[in-house]
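The structure file upload_33.txt is reproduced below (compact mmCIF, C-alpha atoms).
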# COMPACT_ATOMS: atom_id res chain seq x y z
CA MET A 1 30.13 14.40 -30.09
CA ILE A 2 26.64 15.43 -31.20
CA THR A 3 26.29 12.32 -33.36
CA THR A 4 27.26 10.09 -30.44
CA ARG A 5 24.72 11.82 -28.21
CA LYS A 6 22.00 11.35 -30.84
CA LYS A 7 22.82 7.65 -31.10
CA THR A 8 22.67 7.30 -27.32
CA ASN A 9 19.29 9.05 -27.20
CA LEU A 10 17.95 6.85 -30.00
CA ILE A 11 19.09 3.69 -28.25
CA SER A 12 17.48 4.89 -25.02
CA LEU A 13 14.18 5.57 -26.78
CA LEU A 14 14.24 2.15 -28.43
CA LEU A 15 14.89 0.46 -25.09
CA VAL A 16 12.01 2.35 -23.47
CA ALA A 17 9.69 1.41 -26.36
CA ALA A 18 10.75 -2.24 -26.06
CA MET A 19 10.09 -2.13 -22.31
CA LEU A 20 6.56 -0.76 -22.85
CA VAL A 21 5.82 -3.46 -25.44
CA LEU A 22 7.09 -6.11 -23.01
CA VAL A 23 4.84 -4.75 -20.28
CA ILE A 24 1.79 -4.99 -22.55
CA VAL A 25 2.70 -8.60 -23.39
CA LEU A 26 3.16 -9.51 -19.73
CA ASP A 27 -0.21 -7.88 -18.97
CA GLN A 28 -1.90 -10.32 -21.35
CA VAL A 29 0.17 -13.43 -20.61
CA ILE A 30 0.22 -13.41 -16.81
CA GLN A 31 -3.15 -14.06 -15.22
CA PRO A 32 -4.16 -13.04 -11.65
CA THR A 33 -4.13 -16.70 -10.59
CA ASP A 34 -0.61 -17.39 -11.93
CA SER A 35 2.32 -17.81 -9.56
CA MET A 36 4.12 -14.92 -11.29
CA SER A 37 1.20 -12.49 -10.90
CA MET A 38 3.21 -10.64 -8.23
CA LEU A 39 5.56 -9.53 -11.01
CA LEU A 40 2.80 -7.32 -12.36
CA LYS A 41 2.14 -5.89 -8.89
CA VAL A 42 5.83 -5.09 -8.51
CA LEU A 43 5.89 -3.38 -11.93
CA GLN A 44 2.79 -1.35 -11.09
CA LYS A 45 3.85 -0.17 -7.66
CA GLY A 46 7.56 -0.04 -8.49
CA SER A 47 7.01 2.27 -11.46
CA ILE A 48 5.02 4.70 -9.31
CA TYR A 49 7.66 4.68 -6.58
CA ALA A 50 10.33 5.14 -9.25
CA LEU A 51 8.64 8.40 -10.26
CA ALA A 52 8.45 9.45 -6.60
CA ALA A 53 12.15 8.64 -6.11
CA VAL A 54 13.21 10.52 -9.26
CA SER A 55 11.16 13.57 -8.23
CA MET A 56 12.84 13.51 -4.81
CA ASN A 57 16.23 13.11 -6.48
CA LEU A 58 15.53 16.23 -8.55
CA LEU A 59 15.31 18.20 -5.31
CA ASN A 60 17.81 16.39 -3.06
CA GLY A 61 20.31 15.12 -5.62
CA PHE A 62 20.36 17.75 -8.37
CA THR A 63 19.54 20.92 -6.42
CA GLY A 64 21.02 19.99 -3.06
CA LEU A 65 17.88 20.81 -1.04
CA PHE A 66 17.32 18.22 1.68
CA SER A 67 13.53 17.96 1.84
CA LEU A 68 11.51 15.31 3.70
CA GLY A 69 8.01 16.41 2.78
CA HIS A 70 7.43 14.04 -0.13
CA ALA A 71 4.74 11.93 1.54
CA GLY A 72 2.67 15.05 2.18
CA PHE A 73 2.70 16.07 -1.49
CA MET A 74 1.89 12.51 -2.56
CA LEU A 75 -1.06 12.59 -0.15
CA ILE A 76 -2.38 15.78 -1.76
CA GLY A 77 -2.07 14.21 -5.20
CA ALA A 78 -3.79 10.98 -4.15
CA TYR A 79 -6.73 12.80 -2.56
CA THR A 80 -7.13 15.26 -5.44
CA TYR A 81 -7.21 12.44 -7.97
CA ALA A 82 -9.66 10.37 -5.92
CA ILE A 83 -12.03 13.26 -5.24
CA LEU A 84 -12.16 14.24 -8.92
CA THR A 85 -12.78 10.71 -10.26
CA ILE A 86 -15.39 9.25 -7.87
CA PRO A 87 -18.67 8.75 -9.81
CA SER A 88 -21.56 10.88 -8.57
CA ASP A 89 -23.77 7.88 -7.81
CA ALA A 90 -21.07 6.39 -5.55
CA ARG A 91 -20.35 9.51 -3.50
CA ASP A 92 -23.16 8.95 -1.00
CA VAL A 93 -21.74 5.51 -0.27
CA VAL A 94 -18.15 6.72 -0.01
CA TYR A 95 -19.06 9.78 2.08
CA GLN A 96 -21.44 7.83 4.29
CA TYR A 97 -20.69 9.98 7.37
CA TYR A 98 -20.66 13.32 5.53
CA ASP A 99 -22.56 15.19 2.86
CA ALA A 100 -20.13 15.26 -0.07
CA ALA A 101 -19.28 18.85 -1.00
CA ILE A 102 -17.80 17.95 -4.42
CA ARG A 103 -20.00 15.94 -6.76
CA PHE A 104 -18.09 16.53 -9.98
CA SER A 105 -16.12 13.79 -11.73
CA PHE A 106 -13.85 14.47 -14.71
CA PRO A 107 -14.15 10.98 -16.28
CA GLU A 108 -17.91 10.89 -15.78
CA ALA A 109 -18.46 14.34 -17.26
CA LEU A 110 -16.27 13.75 -20.31
CA SER A 111 -17.39 10.16 -20.94
CA GLY A 112 -20.92 11.43 -21.53
CA VAL A 113 -19.61 13.50 -24.44
CA LEU A 114 -16.65 11.53 -25.79
CA GLY A 115 -17.36 7.98 -24.58
CA PRO A 116 -14.38 5.82 -23.54
CA LEU A 117 -11.98 8.46 -24.87
CA GLY A 118 -13.59 10.96 -22.50
CA THR A 119 -12.97 8.65 -19.56
CA MET A 120 -9.27 8.45 -20.39
CA LEU A 121 -9.09 12.21 -20.93
CA GLY A 122 -10.86 12.76 -17.60
CA VAL A 123 -8.30 10.57 -15.83
CA ILE A 124 -5.45 12.55 -17.42
CA LEU A 125 -7.01 15.84 -16.30
CA ALA A 126 -7.48 14.49 -12.77
CA ILE A 127 -3.82 13.40 -12.64
CA ALA A 128 -2.73 16.83 -13.88
CA ALA A 129 -4.94 18.47 -11.24
CA ALA A 130 -3.32 16.25 -8.59
CA GLY A 131 0.12 17.49 -9.59
CA LEU A 132 -1.01 21.12 -9.75
CA ALA A 133 -2.63 20.93 -6.30
CA ALA A 134 0.60 19.54 -4.81
CA MET A 135 2.62 22.22 -6.62
CA LEU A 136 0.38 25.02 -5.29
CA VAL A 137 0.79 23.83 -1.71
CA ALA A 138 4.54 23.45 -2.29
CA TYR A 139 4.74 27.05 -3.48
CA LEU A 140 2.99 28.31 -0.35
CA ILE A 141 5.17 26.14 1.89
CA GLY A 142 8.33 27.06 -0.02
CA LEU A 143 7.96 30.78 0.60
CA PRO A 144 9.07 30.44 4.25
CA VAL A 145 10.96 27.13 4.37
CA LEU A 146 13.28 27.59 1.38
CA ARG A 147 15.07 30.28 3.37
CA LEU A 148 16.35 27.42 5.53
CA LYS A 149 19.23 25.09 4.70
CA SER A 150 20.37 21.54 5.36
CA ASP A 151 18.81 19.79 8.37
CA TYR A 152 16.61 22.76 9.21
CA LEU A 153 14.92 22.53 5.81
CA ALA A 154 14.44 18.78 6.26
CA ILE A 155 12.82 19.22 9.68
CA ALA A 156 10.55 22.03 8.43
CA THR A 157 9.31 20.07 5.38
CA LEU A 158 8.83 16.94 7.46
CA GLY A 159 6.75 18.96 9.90
CA PHE A 160 4.61 20.41 7.11
CA ALA A 161 4.01 16.91 5.71
CA GLU A 162 2.72 15.75 9.09
CA VAL A 163 0.53 18.86 9.36
CA ILE A 164 -0.93 18.16 5.91
CA ARG A 165 -1.75 14.58 6.91
CA ALA A 166 -3.47 15.78 10.12
CA VAL A 167 -5.46 18.45 8.26
CA PHE A 168 -6.75 15.95 5.70
CA GLN A 169 -8.08 13.79 8.55
CA TRP A 170 -9.75 16.77 10.27
CA GLY A 171 -13.47 16.18 10.71
CA LYS A 172 -14.37 19.72 9.62
CA LEU A 173 -13.02 18.88 6.14
CA GLY A 174 -14.97 15.62 6.04
CA PRO A 175 -17.34 16.75 3.23
CA VAL A 176 -14.24 17.10 1.00
CA THR A 177 -11.65 14.62 2.31
CA ASN A 178 -14.02 12.16 4.05
CA GLY A 179 -12.15 12.74 7.31
CA SER A 180 -10.16 9.76 8.51
CA ASN A 181 -12.24 7.42 6.34
CA PRO A 182 -10.80 6.10 3.07
CA LEU A 183 -11.78 7.33 -0.37
CA LYS A 184 -12.64 4.54 -2.82
CA SER A 185 -14.78 3.66 -5.85
CA PHE A 186 -12.70 5.99 -8.07
CA VAL A 187 -11.09 5.03 -11.39
CA ARG A 188 -8.27 2.56 -10.74
CA ILE A 189 -5.88 0.63 -12.97
CA ASN A 190 -8.22 -2.37 -13.36
CA SER A 191 -10.58 -0.06 -15.26
CA PHE A 192 -8.12 0.38 -18.13
CA GLN A 193 -9.06 -2.15 -20.78
CA ILE A 194 -9.47 -2.12 -24.55
CA HIS A 195 -12.10 -4.32 -26.22
CA LEU A 196 -11.02 -5.41 -29.70
CA GLY A 197 -13.75 -7.56 -31.19
CA GLY A 198 -14.17 -10.41 -28.74
CA THR A 199 -10.77 -9.88 -27.12
CA THR A 200 -10.11 -7.78 -24.04
CA VAL A 201 -6.66 -6.19 -23.82
CA SER A 202 -5.67 -5.35 -20.26
CA LEU A 203 -3.66 -2.17 -19.65
CA SER A 204 -3.59 -2.33 -15.86
CA THR A 205 0.21 -2.53 -15.73
CA PHE A 206 0.92 -0.57 -18.89
CA VAL A 207 -0.86 2.60 -17.69
CA PRO A 208 1.16 3.21 -14.48
CA VAL A 209 4.40 2.25 -16.26
CA LEU A 210 3.60 4.63 -19.13
CA LEU A 211 2.65 7.41 -16.71
CA SER A 212 5.93 7.08 -14.83
CA THR A 213 7.96 6.78 -18.04
CA VAL A 214 6.53 9.99 -19.51
CA CYS A 215 7.00 11.94 -16.26
CA ILE A 216 10.55 10.67 -15.74
CA GLY A 217 11.31 11.59 -19.35
CA LEU A 218 10.15 15.16 -18.65
CA ILE A 219 12.38 15.29 -15.57
CA VAL A 220 15.34 14.10 -17.67
CA LEU A 221 14.69 16.90 -20.17
CA LEU A 222 14.55 19.42 -17.33
CA VAL A 223 17.79 18.17 -15.78
CA ASN A 224 19.57 18.43 -19.14
CA SER A 225 18.28 21.96 -19.78
CA THR A 226 19.76 25.28 -18.66
CA TYR A 227 17.53 25.10 -15.59
CA GLY A 228 19.05 21.73 -14.72
CA ARG A 229 22.54 23.15 -15.00
CA SER A 230 21.50 25.96 -12.66
CA PHE A 231 20.17 23.40 -10.19
CA LYS A 232 23.50 21.59 -10.23
CA ALA A 233 25.39 24.85 -9.79
CA ILE A 234 23.31 25.63 -6.69
CA ARG A 235 24.03 22.14 -5.35
CA ASP A 236 27.78 22.49 -5.87
CA ASP A 237 28.27 26.01 -4.56
CA GLU A 238 25.51 28.56 -3.91
CA VAL A 239 27.90 31.51 -3.64
CA ALA A 240 29.58 30.71 -6.97
CA ALA A 241 26.21 30.07 -8.64
CA GLU A 242 24.87 33.43 -7.49
CA ALA A 243 28.07 35.13 -8.66
CA MET A 244 27.50 33.61 -12.12
CA GLY A 245 24.02 35.16 -12.26
CA VAL A 246 21.82 32.29 -11.03
CA ASN A 247 18.77 33.56 -9.15
CA LEU A 248 18.91 31.31 -6.07
CA ALA A 249 15.40 31.99 -4.77
CA LYS A 250 13.80 31.54 -8.20
CA HIS A 251 15.58 28.28 -9.04
CA LYS A 252 15.11 26.78 -5.58
CA MET A 253 11.40 27.50 -5.75
CA LEU A 254 11.22 26.10 -9.29
CA SER A 255 12.96 22.88 -8.26
CA PHE A 256 10.76 22.55 -5.16
CA CYS A 257 7.53 23.11 -7.10
CA VAL A 258 8.45 20.81 -10.01
CA SER A 259 9.52 18.06 -7.59
CA SER A 260 6.23 18.46 -5.69
CA PHE A 261 4.22 18.40 -8.94
CA PHE A 262 5.61 15.00 -9.88
CA ALA A 263 5.23 13.83 -6.28
CA GLY A 264 1.53 14.70 -6.58
CA VAL A 265 1.33 12.78 -9.87
CA SER A 266 2.99 9.76 -8.23
CA GLY A 267 0.46 10.03 -5.38
CA ALA A 268 -2.36 9.90 -7.92
CA GLY A 269 -0.71 6.89 -9.56
CA LEU A 270 -0.37 5.16 -6.20
CA ALA A 271 -4.07 5.74 -5.54
CA MET A 272 -4.87 4.12 -8.89
CA VAL A 273 -2.69 1.12 -8.05
CA LEU A 274 -3.94 0.61 -4.49
CA GLY A 275 -7.58 1.41 -5.25
CA ILE A 276 -7.87 3.40 -2.03
CA SER A 277 -6.77 6.80 -0.78
CA GLN A 278 -6.34 7.30 2.95
CA ALA A 279 -4.18 9.78 4.84
CA SER A 280 -2.90 7.14 7.26
CA ASN A 281 -1.02 5.48 4.38
CA PHE A 282 1.14 8.57 3.80
CA LYS A 283 3.16 8.67 6.99
CA SER A 284 6.69 9.96 7.33
CA ALA A 285 7.94 6.38 6.93
CA MET A 286 6.93 6.60 3.25
CA THR A 287 9.31 9.54 2.77
CA TYR A 288 12.12 7.58 4.40
CA GLU A 289 11.45 4.63 2.09
CA ILE A 290 11.62 6.89 -0.98
CA LEU A 291 14.82 8.44 0.36
CA LEU A 292 16.24 4.94 0.78
CA MET A 293 15.45 4.20 -2.89
CA VAL A 294 17.29 7.37 -3.90
CA VAL A 295 20.32 6.49 -1.78
CA LEU A 296 20.35 2.89 -3.05
CA GLY A 297 20.43 4.08 -6.66
CA GLY A 298 22.83 6.93 -6.01
CA ILE A 299 22.26 10.61 -5.30
CA GLY A 300 21.95 12.50 -8.58
CA SER A 301 21.28 9.39 -10.70
CA ILE A 302 17.88 9.12 -12.39
CA SER A 303 18.39 5.57 -13.66
CA GLY A 304 19.72 4.61 -10.23
CA SER A 305 16.54 5.91 -8.56
CA CYS A 306 14.42 3.78 -10.91
CA ILE A 307 16.50 0.66 -10.22
CA GLY A 308 16.52 1.35 -6.48
CA ALA A 309 12.74 1.73 -6.43
CA MET A 310 12.17 -1.50 -8.33
CA LEU A 311 14.59 -3.43 -6.10
CA PHE A 312 13.02 -2.05 -2.92
CA ILE A 313 9.45 -2.84 -4.01
CA ALA A 314 10.42 -6.29 -5.30
CA ALA A 315 12.19 -7.11 -2.03
CA SER A 316 9.53 -5.74 0.32
CA GLU A 317 6.42 -6.78 -1.61
CA TRP A 318 7.50 -10.05 -3.22
CA TRP A 319 10.80 -11.69 -2.29
CA LEU A 320 10.72 -11.26 1.48
CA ARG A 321 7.04 -12.18 1.68
CA GLY A 322 7.82 -15.23 -0.43
CA LEU A 323 10.57 -16.27 1.97
CA ASP A 324 8.15 -15.83 4.88
CA SER A 325 5.75 -18.22 3.15
CA GLY A 326 8.52 -20.74 2.48
CA SER A 327 9.33 -20.04 -1.18
CA PHE A 328 11.53 -17.37 -2.77
CA LEU A 329 8.99 -16.34 -5.42
CA GLY A 330 5.89 -17.21 -3.41
Please express the file's structure as structure tokens.
Amino acid sequence: MITTRKKTNLISLLLVAAMLVLVIVLDQVIQPTDSMSMLLKVLQKGSIYALAAVSMNLLNGFTGLFSLGHAGFMLIGAYTYAILTIPSDARDVVYQYYDAAIRFSFPEALSGVLGPLGTMLGVILAIAAAGLAAMLVAYLIGLPVLRLKSDYLAIATLGFAEVIRAVFQWGKLGPVTNGSNPLKSFVRINSFQIHLGGTTVSLSTFVPVLLSTVCIGLIVLLVNSTYGRSFKAIRDDEVAAEAMGVNLAKHKMLSFCVSSFFAGVSGAGLAMVLGISQASNFKSAMTYEILLMVVLGGIGSISGSCIGAMLFIAASEWWLRGLDSGSFLG
């Protein structure tokens, strides 16, 4: 039994490694002017949405908590990442209607000490900060709302997500969030390149795919741990789980915070892919789209959420637009 499981894990790791190598190859082979350039866009955006769908599945599918606040936590992550990676000399242009209150940039500060490695480390720290900011807000929100169940919990979290979006567009917070104006000029995926001699290796698709792969791998480890088994016990029967010694409040809060952390990371990834961070992009419709991806792939299925996300993004961003223009892969 153990040997079979080890073989399955090894095969899974080899398939993931092969996928990452293939993504790097596609990044170099497909040029922006090629007819198949949309494939890279689908991989970039689809991988980020796959992470968002898996993080929602952790809460809805594995713990049985019906939450609809995902767009709000992604918004927090996107804004945190953008604010912490805008270069200081570009802040006056970005915050043209406000006096920027935060003039610190992780990549800029670390690149002065470590060079290109510092830039990459700064981006990683900004992504981690995005997840932590979303998790902190989730903890504060979870204190009252996790006492609710079923549809009541969904309505409460949806309401909080809309409140978060309104607050981030509030003019009084303009020096931090830039009000209703977009944040831009931060580090995006096009910035990730490696110069080897006279050759430039693009990592614009590899970086978001790698980010999502690592985060989804961590979620898989959590689901297969004792905490994951407690989540599933809560989903199946709360009374029986509590009778077996599962602390309901603790595990619900843990699931809610971890799900929100990875939602914040996916928001940061989406900001990198889109090159812009604006509250109006994170409406409740985004949560419904992510929920649709989860349902398409199957509730409680991590691989299904990834496949559902890729199919949804490919259909909405590529195939249907191609049919509108008169060609299937236009």
### Which of A:Phe262, A:Phe186, A:Tyr139, A:Tyr79 sits closest to Gly122 (chain A) [using only C-alpha atoms]
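Of the candidates, the smallest distance to Gly122 (chain A) is held by A:Phe186.
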### Summary
Closest of A:Val113, A:Leu68, A:Ile30, A:Ile307 to Ala161 (chain A), counting all atoms listed in the file, is A:Leu68
Find the residues around Val176 (chain A) up to 8 Å (only C-alpha atoms counted), leave out those fewer than 4 positions away in its own chain, and share them as a PDB file with C-alpha atoms, in the frame of the given file.
ATOM      1  CA  ILE A  83     -12.030  13.260  -5.240  1.00  0.00           C
ATOM      2  CA  ALA A 100     -20.130  15.260  -0.070  1.00  0.00           C
ATOM      3  CA  ALA A 101     -19.280  18.850  -1.000  1.00  0.00           C
ATOM      4  CA  ILE A 102     -17.800  17.950  -4.420  1.00  0.00           C
TER       5      ILE A 102
END
### Message
Using Å and a single decimal, report how far CA of Ile189 (chain A) sits from CA of Gly174 (chain A).
### Response
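Separation of CA of Gly174 (chain A) and CA of Ile189 (chain A): 25.9 Å.
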#### Entry: Closest of A:Tyr81, A:Phe73, A:Phe62, A:Phe106 to Ala263 (chain A) - atom-to-atom distances counting all atoms listed in the file
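The closest residue to Ala263 (chain A) is A:Phe73.
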### Task
Considering only C-alpha atoms, state which residue in the set A:Val273, A:Val223, A:Val246, A:Leu10 is at the smallest distance from Asn190 (chain A).
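With only C-alpha atoms as the atom set, the closest residue is A:Val273.
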### Task
Go ahead and compute the interatomic distance for CA of Val220 (chain A) and CA of Leu274 (chain A), in Å to one decimal.
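Distance between the two atoms: 27.0 Å.
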### Task
Identify which of the residues A:Gly64, A:Met120, A:Leu84, A:Ile299 lies closest to Asp237 (chain A), counting all atoms listed in the file when measuring atom-to-atom distances.
A:Gly64
### Task
Pick out the closest residue to Val265 (chain A) from this set: A:Leu14, A:Ala82, A:Leu132, A:Leu26. Count only C-alpha atoms.
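Answer, going by the shortest atom-to-atom distance: A:Leu132.
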### Query
Leaving out Val16 (chain A) and any residue of its chain fewer than 5 positions from it, which residues lie within 9 Å of it when counting all atoms listed in the file, given as a PyMOL selection string?
chain A and resi 11+21+213
### Query
How many Å lie between CA of Thr85 (chain A) and CA of Ser255 (chain A), rounded to one decimal?
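Taking CA of Thr85 (chain A) and CA of Ser255 (chain A), their separation equals 28.5 Å.
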#### Entry: Distance query Leu292 (chain A) at most 10 Å, all atoms listed in the file, self and fewer than 3 positions along chain excluded, as number ranges by chain
A: 53, 286-289, 295-298, 305, 308-309, 312
Just want the 10 Å neighbourhood of Val207 (chain A), counted on all atoms listed in the file, with same-chain residues fewer than 5 positions away dropped. Output as a PDB file with C-alpha atoms, in the coordinates of the input.
ATOM      1  CA  LEU A  20       6.560  -0.760 -22.850  1.00  0.00           C
ATOM      2  CA  VAL A  23       4.840  -4.750 -20.280  1.00  0.00           C
ATOM      3  CA  ILE A  24       1.790  -4.990 -22.550  1.00  0.00           C
ATOM      4  CA  GLN A  44       2.790  -1.350 -11.090  1.00  0.00           C
ATOM      5  CA  ILE A 189      -5.880   0.630 -12.970  1.00  0.00           C
ATOM      6  CA  ASN A 190      -8.220  -2.370 -13.360  1.00  0.00           C
ATOM      7  CA  PHE A 192      -8.120   0.380 -18.130  1.00  0.00           C
ATOM      8  CA  GLN A 193      -9.060  -2.150 -20.780  1.00  0.00           C
ATOM      9  CA  SER A 202      -5.670  -5.350 -20.260  1.00  0.00           C
ATOM     10  CA  SER A 212       5.930   7.080 -14.830  1.00  0.00           C
ATOM     11  CA  THR A 213       7.960   6.780 -18.040  1.00  0.00           C
ATOM     12  CA  GLY A 269      -0.710   6.890  -9.560  1.00  0.00           C
ATOM     13  CA  MET A 272      -4.870   4.120  -8.890  1.00  0.00           C
ATOM     14  CA  VAL A 273      -2.690   1.120  -8.050  1.00  0.00           C
TER      15      VAL A 273
END
### Message
Show me, as number ranges by chain, the residues that have an atom within 9 Å of Ser301 (chain A) when counting all atoms listed in the file, minus same-chain residues fewer than 5 positions from it.
### Response
A: 54, 57, 61-62, 294, 306
